[in-house]
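Structure below is work23.cif: mmCIF, C-alpha atoms and all ligand atoms.
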```
data_work
loop_
_atom_site.group_PDB
_atom_site.id
_atom_site.type_symbol
_atom_site.label_atom_id
_atom_site.label_comp_id
_atom_site.auth_asym_id
_atom_site.auth_seq_id
_atom_site.Cartn_x
_atom_site.Cartn_y
_atom_site.Cartn_z
ATOM 1 C CA MET A 1 0.000 0.000 0.000
ATOM 2 C CA THR A 2 0.945 3.650 -0.106
ATOM 3 C CA ASP A 3 1.375 6.523 2.359
ATOM 4 C CA ASN A 4 0.222 9.037 -0.226
ATOM 5 C CA PRO A 5 -3.465 9.863 0.446
ATOM 6 C CA VAL A 6 -4.160 10.684 -3.215
ATOM 7 C CA GLU A 7 -2.712 7.391 -4.425
ATOM 8 C CA ALA A 8 -4.568 5.570 -1.623
ATOM 9 C CA HIS A 9 -7.830 7.175 -2.775
ATOM 10 C CA TYR A 10 -7.383 5.762 -6.291
ATOM 11 C CA THR A 11 -5.997 2.327 -5.343
ATOM 12 C CA SER A 12 -8.184 -0.764 -4.944
ATOM 13 C CA GLY A 13 -5.585 -3.502 -5.474
ATOM 14 C CA THR A 14 -7.885 -5.506 -7.757
ATOM 15 C CA LEU A 15 -8.679 -3.074 -10.568
ATOM 16 C CA GLY A 16 -6.896 -4.953 -13.372
ATOM 17 C CA GLU A 17 -8.734 -8.201 -12.636
ATOM 18 C CA ALA A 18 -12.067 -6.381 -12.245
ATOM 19 C CA ILE A 19 -11.735 -4.649 -15.642
ATOM 20 C CA LEU A 20 -10.683 -7.812 -17.477
ATOM 21 C CA ALA A 21 -13.599 -9.745 -15.934
ATOM 22 C CA ALA A 22 -16.015 -6.941 -16.878
ATOM 23 C CA LEU A 23 -14.707 -6.810 -20.464
ATOM 24 C CA LYS A 24 -15.322 -10.554 -20.806
ATOM 25 C CA ALA A 25 -18.762 -10.255 -19.210
ATOM 26 C CA ALA A 26 -19.569 -7.463 -21.680
ATOM 27 C CA GLY A 27 -18.758 -9.875 -24.519
ATOM 28 C CA LYS A 28 -15.527 -8.163 -25.623
ATOM 29 C CA ASP A 29 -12.902 -10.254 -27.382
ATOM 30 C CA LEU A 30 -9.729 -9.695 -25.345
ATOM 31 C CA ASP A 31 -7.588 -10.807 -28.311
ATOM 32 C CA HIS A 32 -9.019 -8.070 -30.531
ATOM 33 C CA LEU A 33 -9.706 -5.087 -28.266
ATOM 34 C CA THR A 34 -9.842 -1.555 -29.654
ATOM 35 C CA PRO A 35 -9.632 1.715 -27.682
ATOM 36 C CA ASP A 36 -13.353 2.158 -28.401
ATOM 37 C CA ASP A 37 -14.154 -1.031 -26.449
ATOM 38 C CA LEU A 38 -12.642 0.538 -23.319
ATOM 39 C CA VAL A 39 -14.383 3.928 -23.450
ATOM 40 C CA PRO A 40 -16.904 3.260 -20.644
ATOM 41 C CA VAL A 41 -14.110 2.562 -18.166
ATOM 42 C CA ASP A 42 -10.815 4.159 -19.237
ATOM 43 C CA GLU A 43 -11.839 7.799 -19.774
ATOM 44 C CA PHE A 44 -11.880 8.791 -16.112
ATOM 45 C CA HIS A 45 -13.024 12.420 -16.281
ATOM 46 C CA GLY A 46 -16.174 14.475 -16.749
ATOM 47 C CA GLY A 47 -17.658 14.037 -20.224
ATOM 48 C CA GLN A 48 -15.505 10.973 -20.997
ATOM 49 C CA ARG A 49 -14.566 10.413 -24.699
ATOM 50 C CA PRO A 50 -16.568 13.362 -26.141
ATOM 51 C CA ALA A 51 -14.683 15.676 -23.753
ATOM 52 C CA THR A 52 -11.357 14.218 -24.897
ATOM 53 C CA ILE A 53 -12.304 14.790 -28.535
ATOM 54 C CA ARG A 54 -13.350 18.374 -27.746
ATOM 55 C CA LEU A 55 -10.011 19.152 -26.105
ATOM 56 C CA ALA A 56 -8.018 17.379 -28.833
ATOM 57 C CA ASP A 57 -9.819 19.451 -31.478
ATOM 58 C CA LEU A 58 -8.879 22.612 -29.591
ATOM 59 C CA VAL A 59 -5.205 21.578 -29.410
ATOM 60 C CA GLY A 60 -5.214 20.712 -33.118
ATOM 61 C CA PHE A 61 -2.953 17.649 -33.394
ATOM 62 C CA THR A 62 -1.184 16.887 -36.677
ATOM 63 C CA GLY A 63 0.145 13.483 -35.608
ATOM 64 C CA THR A 64 3.829 14.463 -35.504
ATOM 65 C CA GLU A 65 3.745 15.615 -31.873
ATOM 66 C CA ARG A 66 5.469 14.016 -28.904
ATOM 67 C CA VAL A 67 2.848 14.304 -26.169
ATOM 68 C CA LEU A 68 3.018 14.023 -22.366
ATOM 69 C CA ASP A 69 -0.210 13.085 -20.549
ATOM 70 C CA VAL A 70 0.183 14.223 -16.935
ATOM 71 C CA GLY A 71 -1.980 12.163 -14.576
ATOM 72 C CA SER A 72 -2.688 9.635 -17.337
ATOM 73 C CA GLY A 73 -4.878 7.339 -15.215
ATOM 74 C CA LEU A 74 -5.840 4.111 -16.998
ATOM 75 C CA GLY A 75 -4.615 5.566 -20.283
ATOM 76 C CA GLY A 76 -7.877 6.122 -22.158
ATOM 77 C CA PRO A 77 -7.045 9.625 -23.434
ATOM 78 C CA SER A 78 -3.420 8.783 -24.314
ATOM 79 C CA ARG A 79 -4.383 5.643 -26.239
ATOM 80 C CA PHE A 80 -7.029 7.642 -28.075
ATOM 81 C CA LEU A 81 -4.508 10.357 -29.057
ATOM 82 C CA THR A 82 -2.038 7.868 -30.489
ATOM 83 C CA TRP A 83 -4.759 5.766 -32.128
ATOM 84 C CA ARG A 84 -6.621 8.650 -33.757
ATOM 85 C CA TYR A 85 -3.776 11.059 -34.600
ATOM 86 C CA GLY A 86 -0.640 8.890 -34.595
ATOM 87 C CA CYS A 87 1.190 10.975 -31.942
ATOM 88 C CA GLN A 88 3.813 9.375 -29.711
ATOM 89 C CA VAL A 89 2.470 9.664 -26.152
ATOM 90 C CA SER A 90 4.018 9.175 -22.718
ATOM 91 C CA GLY A 91 1.844 9.048 -19.631
ATOM 92 C CA VAL A 92 2.892 9.693 -16.062
ATOM 93 C CA ASP A 93 0.708 9.012 -13.029
ATOM 94 C CA LEU A 94 1.102 8.928 -9.266
ATOM 95 C CA THR A 95 -0.993 5.775 -8.808
ATOM 96 C CA ALA A 96 1.094 2.632 -9.361
ATOM 97 C CA GLU A 97 -1.959 0.431 -9.883
ATOM 98 C CA PHE A 98 -3.292 2.731 -12.620
ATOM 99 C CA VAL A 99 0.089 2.658 -14.378
ATOM 100 C CA ARG A 100 0.064 -1.168 -14.367
ATOM 101 C CA VAL A 101 -3.522 -1.312 -15.668
ATOM 102 C CA ALA A 102 -2.721 1.308 -18.348
ATOM 103 C CA ALA A 103 0.171 -0.863 -19.580
ATOM 104 C CA THR A 104 -2.029 -3.989 -19.665
ATOM 105 C CA LEU A 105 -4.814 -2.261 -21.602
ATOM 106 C CA THR A 106 -2.253 -0.806 -24.025
ATOM 107 C CA GLN A 107 -0.898 -4.279 -24.702
ATOM 108 C CA LEU A 108 -4.421 -5.633 -25.243
ATOM 109 C CA THR A 109 -5.200 -2.863 -27.752
ATOM 110 C CA GLY A 110 -1.958 -3.442 -29.697
ATOM 111 C CA LEU A 111 -0.570 0.038 -29.022
ATOM 112 C CA VAL A 112 2.712 -0.926 -27.348
ATOM 113 C CA GLY A 113 5.546 1.224 -28.718
ATOM 114 C CA ARG A 114 3.221 4.145 -29.484
ATOM 115 C CA VAL A 115 2.270 4.999 -25.909
ATOM 116 C CA ASP A 116 4.129 4.273 -22.666
ATOM 117 C CA TYR A 117 3.477 4.856 -18.968
ATOM 118 C CA ARG A 118 5.527 5.393 -15.867
ATOM 119 C CA GLN A 119 4.796 6.108 -12.253
ATOM 120 C CA GLY A 120 5.827 9.558 -11.103
ATOM 121 C CA SER A 121 4.682 12.855 -9.673
ATOM 122 C CA ALA A 122 3.349 15.739 -11.687
ATOM 123 C CA LEU A 123 5.347 17.931 -9.288
ATOM 124 C CA ASP A 124 8.647 16.328 -10.271
ATOM 125 C CA LEU A 125 8.184 15.057 -13.818
ATOM 126 C CA PRO A 126 10.660 12.311 -14.738
ATOM 127 C CA PHE A 127 11.446 13.883 -18.146
ATOM 128 C CA GLU A 128 14.108 16.147 -19.663
ATOM 129 C CA ASP A 129 13.631 19.879 -20.174
ATOM 130 C CA MET A 130 12.022 20.890 -23.493
ATOM 131 C CA SER A 131 11.293 17.327 -24.609
ATOM 132 C CA PHE A 132 7.581 17.494 -25.584
ATOM 133 C CA ASP A 133 5.542 19.331 -28.211
ATOM 134 C CA VAL A 134 2.295 19.031 -26.245
ATOM 135 C CA ALA A 135 1.535 18.556 -22.551
ATOM 136 C CA TRP A 136 -1.972 17.336 -21.762
ATOM 137 C CA SER A 137 -3.850 16.904 -18.505
ATOM 138 C CA GLN A 138 -7.499 16.060 -17.799
ATOM 139 C CA ASN A 139 -9.082 16.139 -14.333
ATOM 140 C CA VAL A 140 -5.842 15.898 -12.362
ATOM 141 C CA ALA A 141 -5.232 19.399 -10.978
ATOM 142 C CA MET A 142 -8.044 19.081 -8.407
ATOM 143 C CA ASN A 143 -5.783 16.700 -6.431
ATOM 144 C CA ILE A 144 -2.849 19.144 -6.520
ATOM 145 C CA ALA A 145 -2.443 21.988 -4.027
ATOM 146 C CA ASP A 146 0.811 23.380 -5.418
ATOM 147 C CA ARG A 147 -0.454 24.635 -8.766
ATOM 148 C CA GLY A 148 2.569 26.884 -9.280
ATOM 149 C CA ARG A 149 4.814 23.825 -9.291
ATOM 150 C CA PHE A 150 2.349 21.728 -11.334
ATOM 151 C CA TYR A 151 2.244 24.255 -14.170
ATOM 152 C CA ALA A 152 5.974 25.087 -13.893
ATOM 153 C CA GLU A 153 6.852 21.408 -14.394
ATOM 154 C CA MET A 154 4.727 21.166 -17.541
ATOM 155 C CA HIS A 155 6.303 24.419 -18.758
ATOM 156 C CA ARG A 156 9.802 22.986 -18.144
ATOM 157 C CA VAL A 157 9.268 19.805 -20.203
ATOM 158 C CA LEU A 158 7.602 21.625 -23.121
ATOM 159 C CA LYS A 159 9.621 22.925 -26.055
ATOM 160 C CA PRO A 160 9.381 26.709 -26.573
ATOM 161 C CA GLY A 161 6.148 27.303 -28.462
ATOM 162 C CA GLY A 162 4.820 23.936 -27.246
ATOM 163 C CA LYS A 163 1.150 23.671 -26.297
ATOM 164 C CA LEU A 164 -0.590 22.715 -23.083
ATOM 165 C CA GLY A 165 -4.115 21.227 -23.316
ATOM 166 C CA LEU A 166 -6.069 21.266 -20.055
ATOM 167 C CA GLN A 167 -9.423 20.042 -18.817
ATOM 168 C CA GLU A 168 -9.904 20.999 -15.174
ATOM 169 C CA VAL A 169 -12.467 21.213 -12.440
ATOM 170 C CA ALA A 170 -12.536 24.704 -10.908
ATOM 171 C CA ALA A 171 -14.115 26.168 -7.792
ATOM 172 C CA GLY A 172 -17.393 27.909 -8.534
ATOM 173 C CA PRO A 173 -19.160 30.652 -6.581
ATOM 174 C CA GLY A 174 -21.654 28.203 -4.971
ATOM 175 C CA GLY A 175 -19.472 27.111 -2.027
ATOM 176 C CA ALA A 176 -17.525 23.972 -1.133
ATOM 177 C CA PRO A 177 -18.344 20.770 -3.052
ATOM 178 C CA HIS A 178 -20.500 17.993 -1.645
ATOM 179 C CA TYR A 179 -18.416 14.871 -0.981
ATOM 180 C CA PRO A 180 -17.700 12.155 -1.958
ATOM 181 C CA VAL A 181 -16.702 13.032 -5.516
ATOM 182 C CA GLN A 182 -14.657 10.907 -7.908
ATOM 183 C CA TRP A 183 -11.396 12.621 -6.940
ATOM 184 C CA ALA A 184 -11.884 12.768 -3.161
ATOM 185 C CA ARG A 185 -13.997 11.347 -0.360
ATOM 186 C CA THR A 186 -13.066 14.216 1.966
ATOM 187 C CA PRO A 187 -11.795 17.789 1.443
ATOM 188 C CA GLY A 188 -8.264 16.764 2.541
ATOM 189 C CA ILE A 189 -7.167 15.799 -0.994
ATOM 190 C CA SER A 190 -9.307 18.258 -2.969
ATOM 191 C CA PHE A 191 -7.783 21.575 -4.036
ATOM 192 C CA LEU A 192 -10.047 23.642 -6.249
ATOM 193 C CA TYR A 193 -9.198 27.145 -7.498
ATOM 194 C CA SER A 194 -11.439 29.527 -9.416
ATOM 195 C CA GLN A 195 -10.932 29.750 -13.175
ATOM 196 C CA GLN A 196 -9.549 33.253 -12.697
ATOM 197 C CA ALA A 197 -7.001 32.142 -10.055
ATOM 198 C CA THR A 198 -6.001 29.159 -12.214
ATOM 199 C CA ARG A 199 -5.435 31.373 -15.218
ATOM 200 C CA ALA A 200 -3.239 33.690 -13.140
ATOM 201 C CA LYS A 201 -1.133 30.707 -11.949
ATOM 202 C CA LEU A 202 -0.704 29.515 -15.535
ATOM 203 C CA GLU A 203 0.387 32.944 -16.726
ATOM 204 C CA MET A 204 2.817 33.240 -13.825
ATOM 205 C CA ALA A 205 4.328 29.888 -14.861
ATOM 206 C CA GLY A 206 5.076 31.337 -18.320
ATOM 207 C CA PHE A 207 2.069 30.282 -20.396
ATOM 208 C CA ARG A 208 0.095 32.402 -22.838
ATOM 209 C CA VAL A 209 -3.620 31.601 -23.125
ATOM 210 C CA LEU A 210 -4.663 30.665 -26.686
ATOM 211 C CA VAL A 211 -8.158 29.334 -25.883
ATOM 212 C CA TRP A 212 -10.194 29.334 -22.666
ATOM 213 C CA GLN A 213 -13.644 27.716 -22.681
ATOM 214 C CA ASP A 214 -16.025 27.307 -19.781
ATOM 215 C CA THR A 215 -17.540 23.846 -20.399
ATOM 216 C CA THR A 216 -19.699 23.715 -17.255
ATOM 217 C CA ALA A 217 -22.946 23.473 -19.253
ATOM 218 C CA GLU A 218 -21.694 20.467 -21.263
ATOM 219 C CA ALA A 219 -20.284 18.851 -18.122
ATOM 220 C CA LEU A 220 -23.573 19.350 -16.290
ATOM 221 C CA ALA A 221 -25.582 17.718 -19.094
ATOM 222 C CA SER A 222 -23.281 14.715 -19.071
ATOM 223 C CA ALA A 223 -23.167 14.514 -15.236
ATOM 224 C CA VAL A 224 -26.975 14.696 -14.974
ATOM 225 C CA ALA A 225 -27.310 11.837 -17.479
ATOM 226 C CA ARG A 226 -24.803 9.736 -15.515
ATOM 227 C CA ALA A 227 -26.427 10.542 -12.174
ATOM 228 C CA GLY A 228 -29.815 9.565 -13.639
ATOM 229 C CA SER A 229 -28.501 6.135 -14.555
ATOM 230 C CA ALA A 230 -26.772 5.686 -11.177
ATOM 231 C CA VAL A 231 -29.697 3.822 -9.644
ATOM 232 C CA GLY A 232 -29.894 0.079 -9.142
ATOM 233 C CA PRO A 233 -27.063 -2.190 -10.161
ATOM 234 C CA PRO A 234 -24.144 -0.664 -12.107
ATOM 235 C CA PRO A 235 -23.533 -1.379 -15.796
ATOM 236 C CA VAL A 236 -21.113 -4.219 -16.526
ATOM 237 C CA LEU A 237 -18.381 -1.868 -17.701
ATOM 238 C CA GLY A 238 -17.989 1.602 -16.201
ATOM 239 C CA THR A 239 -15.938 3.886 -14.000
ATOM 240 C CA HIS A 240 -17.723 2.496 -10.916
ATOM 241 C CA LEU A 241 -15.097 -0.272 -11.223
ATOM 242 C CA ILE A 242 -12.458 2.361 -10.424
ATOM 243 C CA VAL A 243 -14.164 4.362 -7.704
ATOM 244 C CA GLY A 244 -15.736 1.554 -5.679
ATOM 245 C CA ALA A 245 -18.825 1.110 -3.516
ATOM 246 C CA ASP A 246 -19.851 4.777 -3.179
ATOM 247 C CA TRP A 247 -20.016 5.316 -6.963
ATOM 248 C CA GLN A 248 -23.703 6.312 -6.895
ATOM 249 C CA ALA A 249 -23.134 9.070 -4.329
ATOM 250 C CA MET A 250 -20.143 10.305 -6.351
ATOM 251 C CA PHE A 251 -22.124 10.472 -9.594
ATOM 252 C CA ARG A 252 -24.989 12.269 -7.859
ATOM 253 C CA ASN A 253 -22.669 14.775 -6.180
ATOM 254 C CA SER A 254 -20.860 15.515 -9.458
ATOM 255 C CA ALA A 255 -24.145 16.594 -11.006
ATOM 256 C CA ARG A 256 -25.281 18.472 -7.903
ATOM 257 C CA ASN A 257 -21.976 20.331 -7.521
ATOM 258 C CA LEU A 258 -22.137 21.546 -11.122
ATOM 259 C CA GLU A 259 -25.820 22.400 -10.824
ATOM 260 C CA GLU A 260 -25.226 24.477 -7.671
ATOM 261 C CA ARG A 261 -22.109 26.026 -9.223
ATOM 262 C CA ARG A 262 -19.928 24.635 -6.457
ATOM 263 C CA THR A 263 -17.765 23.331 -9.284
ATOM 264 C CA GLU A 264 -17.163 24.425 -12.860
ATOM 265 C CA LEU A 265 -15.329 22.746 -15.719
ATOM 266 C CA PHE A 266 -13.112 24.391 -18.289
ATOM 267 C CA ASN A 267 -10.904 23.563 -21.255
ATOM 268 C CA ALA A 268 -7.853 25.627 -22.053
ATOM 269 C CA VAL A 269 -5.080 25.569 -24.609
ATOM 270 C CA LEU A 270 -1.949 27.511 -23.735
ATOM 271 C CA GLU A 271 1.425 28.081 -25.332
ATOM 272 C CA ARG A 272 4.813 28.030 -23.681
ATOM 273 C CA ALA A 273 5.869 31.624 -24.146
ATOM 274 C CA GLY A 274 9.691 31.773 -24.233
HETATM 275 C C1 LIG B 1 -9.691 11.533 -12.159
HETATM 276 S S1 LIG B 1 -8.212 10.729 -12.615
HETATM 277 C C2 LIG B 1 -7.979 11.251 -14.311
HETATM 278 C C3 LIG B 1 -7.153 10.267 -15.106
HETATM 279 C C4 LIG B 1 -6.961 10.616 -16.580
HETATM 280 N N1 LIG B 1 -6.397 11.925 -16.753
HETATM 281 C C5 LIG B 1 -8.259 10.535 -17.340
HETATM 282 O O1 LIG B 1 -8.805 11.598 -17.651
HETATM 283 O O2 LIG B 1 -8.721 9.421 -17.638
HETATM 284 C C6 LIG B 1 -6.964 11.688 -11.756
HETATM 285 C C7 LIG B 1 -5.582 11.109 -11.941
HETATM 286 O O3 LIG B 1 -4.609 12.026 -11.478
HETATM 287 C C8 LIG B 1 -3.563 11.293 -10.879
HETATM 288 N N2 LIG B 1 -2.808 12.213 -9.999
HETATM 289 C C9 LIG B 1 -3.288 12.917 -8.942
HETATM 290 N N3 LIG B 1 -2.301 13.631 -8.375
HETATM 291 C C10 LIG B 1 -1.174 13.385 -9.097
HETATM 292 C C11 LIG B 1 0.170 13.833 -9.018
HETATM 293 N N4 LIG B 1 0.584 14.669 -8.051
HETATM 294 N N5 LIG B 1 1.060 13.380 -9.921
HETATM 295 C C12 LIG B 1 0.661 12.521 -10.909
HETATM 296 N N6 LIG B 1 -0.596 12.057 -11.035
HETATM 297 C C13 LIG B 1 -1.512 12.488 -10.139
HETATM 298 C C14 LIG B 1 -4.281 10.183 -10.166
HETATM 299 O O4 LIG B 1 -3.441 9.121 -9.821
HETATM 300 C C15 LIG B 1 -5.342 9.810 -11.182
HETATM 301 O O5 LIG B 1 -4.880 8.855 -12.091
#
```
Can the structure in the file be given as C-alpha cells, please?
Ligand SMILES: C[S@@+](CC[C@H](N)C(=O)[O-])C[C@H]1O[C@@H](n2cnc3c(N)ncnc32)[C@H](O)[C@@H]1O
Amino acid sequence: MTDNPVEAHYTSGTLGEAILAALKAAGKDLDHLTPDDLVPVDEFHGGQRPATIRLADLVGFTGTERVLDVGSGLGGPSRFLTWRYGCQVSGVDLTAEFVRVAATLTQLTGLVGRVDYRQGSALDLPFEDMSFDVAWSQNVAMNIADRGRFYAEMHRVLKPGGKLGLQEVAAGPGGAPHYPVQWARTPGISFLYSQQATRAKLEMAGFRVLVWQDTTAEALASAVARAGSAVGPPPVLGTHLIVGADWQAMFRNSARNLEERRTELFNAVLERAG
C-alpha cells in the first residue's frame, strides 16, 4: 500500500482483474480489443470520450507531436490520441496500480511502442527539459495543491512554443463541493481554485492563453445523465469499477456540484511563451 493519500484514494488492489472480468462479461474479445471497447471505463473524467475529442480538437494535433499526458490514469485519453492522430504519447501518473492497468490495456489494444506509462509525480516530472511538443492533462489538478509547481513542471518539459491542453475542475461561486466526488472522499485531498485564479497561476508559470472555454454546461448535461442512470445495479463496464462502492453518491454529487455552481469545468489551450 501507499502513504500518499491521493494514491490511496485511487488504489483498490484488484482493478486490473475487475476490468478484465467486466470486459469478458460485456462480450468483448480480449484478443481483438480496440480503444473504443474501453471507453466506458478508461476515460476517467467528466464528459468521458466526447470531452477528450473536444479538447483534442482545440489543441489541433497533426500526428507528428510528442505528447506528455500528466496524470494519465488508466490511459484512455493517451491511447485515443495515439490511435486517432498517430502521436507518440508518454503518460505519467502517481498511482502505481493505474500505471500497471494502463500498460495492460495498451498491450491488449496493440498500441505498445506508441504509448508508454511510468509512475511519477506531476510535481517532479521524470522527463528532460524541453522534450515534448504538447503537454496534456485532464481532471488531475483538483488533487494538486501546489499549482505553481504543477504548471511550472509542464512548462519545463515543453519545447518553446509547445502547447498545453487542459481540462480541469474549478471552484465555482456556490461554495464547497458535496463529498464524496470521484477525486476525493473528503476535502483533505481536494484543491479547487477559481478559473480566474487558475489562469493567473498559468500565466505566472510562463504560459500564454490561446483558448479558454467554460464547459460547465456540457459537463452538467453529461453529469446529470450519468447521475440519472446511477440507480440500481451498475452497468457491466464503467468507472464504478475504479471508484468503488460509493459510486452512486459520487455520480450524484458531481451533477449536484455543477448544478449548484460549487464546481465548474473548463478547457484551455496555452502556449509556452519563451
Ligand atoms: C480523475 S483521474 C484522471 C485520469 C486521466 N487523466 C483521465 O482523464 O482518464 C486523476 C488522476 O490524477 C492522478 N494524480 C493525482 N495527483 C497526481 C500527481 N501529483 N502526480 C501525478 N498524477 C496524479 C491520479 O493518480 C489519477 O490517475
Please report, as a tab-separated table, each residue of chain A lying at most 6 Å from ligand LIG 1 (chain B), together with the nearest pair of atoms and the separation in Å rounded to one decimal; use only C-alpha atoms and all ligand atoms, and order rows by chain and ascending residue number.
```
residue	atom	partner	partner_atom	distance
A:Glu7	CA	B:LIG1	O4	5.7
A:Asp42	CA	B:LIG1	O2	5.9
A:Glu43	CA	B:LIG1	O2	4.1
A:Phe44	CA	B:LIG1	O2	3.6
A:His45	CA	B:LIG1	O1	4.5
A:Gly71	CA	B:LIG1	N6	3.8
A:Ser72	CA	B:LIG1	N1	4.4
A:Gly73	CA	B:LIG1	O5	3.5
A:Gly76	CA	B:LIG1	O2	5.7
A:Asp93	CA	B:LIG1	N6	3.9
A:Leu94	CA	B:LIG1	N6	4.0
A:Thr95	CA	B:LIG1	O4	4.3
A:Gly120	CA	B:LIG1	C12	6.0
A:Ser121	CA	B:LIG1	N5	3.7
A:Ala122	CA	B:LIG1	N5	3.7
A:Leu123	CA	B:LIG1	N4	5.9
A:Ser137	CA	B:LIG1	N1	5.9
A:Gln138	CA	B:LIG1	N1	4.4
A:Asn139	CA	B:LIG1	C2	5.0
A:Val140	CA	B:LIG1	O3	4.2
A:Asn143	CA	B:LIG1	N3	5.0
A:Ile144	CA	B:LIG1	N3	5.8
A:Trp183	CA	B:LIG1	C1	5.6
```
Nearest to A:Val67, chosen from A:Pro5, A:Gly165, A:Pro160, A:Gly110, with all atoms listed in the file counted in the distances: A:Gly165
Given the choices A:Leu15, A:Arg114, A:Thr239, A:Ala170, which gets closest to A:Ala197 if the distance is worked out from all atoms listed in the file?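 Among the listed residues, the smallest separation from A:Ala197 belongs to A:Ala170.
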In Å to one decimal, how far is atom CA of A:Thr263 from atom CA of A:Ser229? 20.9 Å
From the list A:Gly113, A:Gly60, A:Gly274, A:Gly238, which residue is nearest A:Met130 when using all atoms listed in the file?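 Of all the options, A:Gly274 lies closest to A:Met130.
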Taking only C-alpha atoms into account, name the residue in A:Trp136, A:Tyr151, A:Phe98, A:Trp247 that is nearest to A:Asp124.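 The closest residue to A:Asp124 is A:Tyr151.
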Could you spell out the hits of the PyMOL selection byres (((chain A and resi 213) around 9) and not hetatm) on the shown file, as a list in words? Val211, Trp212, Asp214, Thr215, Leu265, Phe266, Asn267 and Ala268 of chain A
Between atom CA of A:Ala184 and atom CA of A:Gly172, what is the distance in Å, rounded to a tenth? 17.0 Å
Could you list the residues chosen by the PyMOL selection byres (((chain A and resi 91) around 6) and not hetatm) in this structure as a PyMOL selection string? chain A and resi 68-69+72+90+92+117
Place a sphere of radius 8 Å on (7.4, 16.1, -30.0) in the file coordinates and name every protein, DNA or RNA residue with an atom inside or on its surface, counting only C-alpha atoms; give the answer as a PyMOL selection string. chain A and resi 64-67+88+131-134
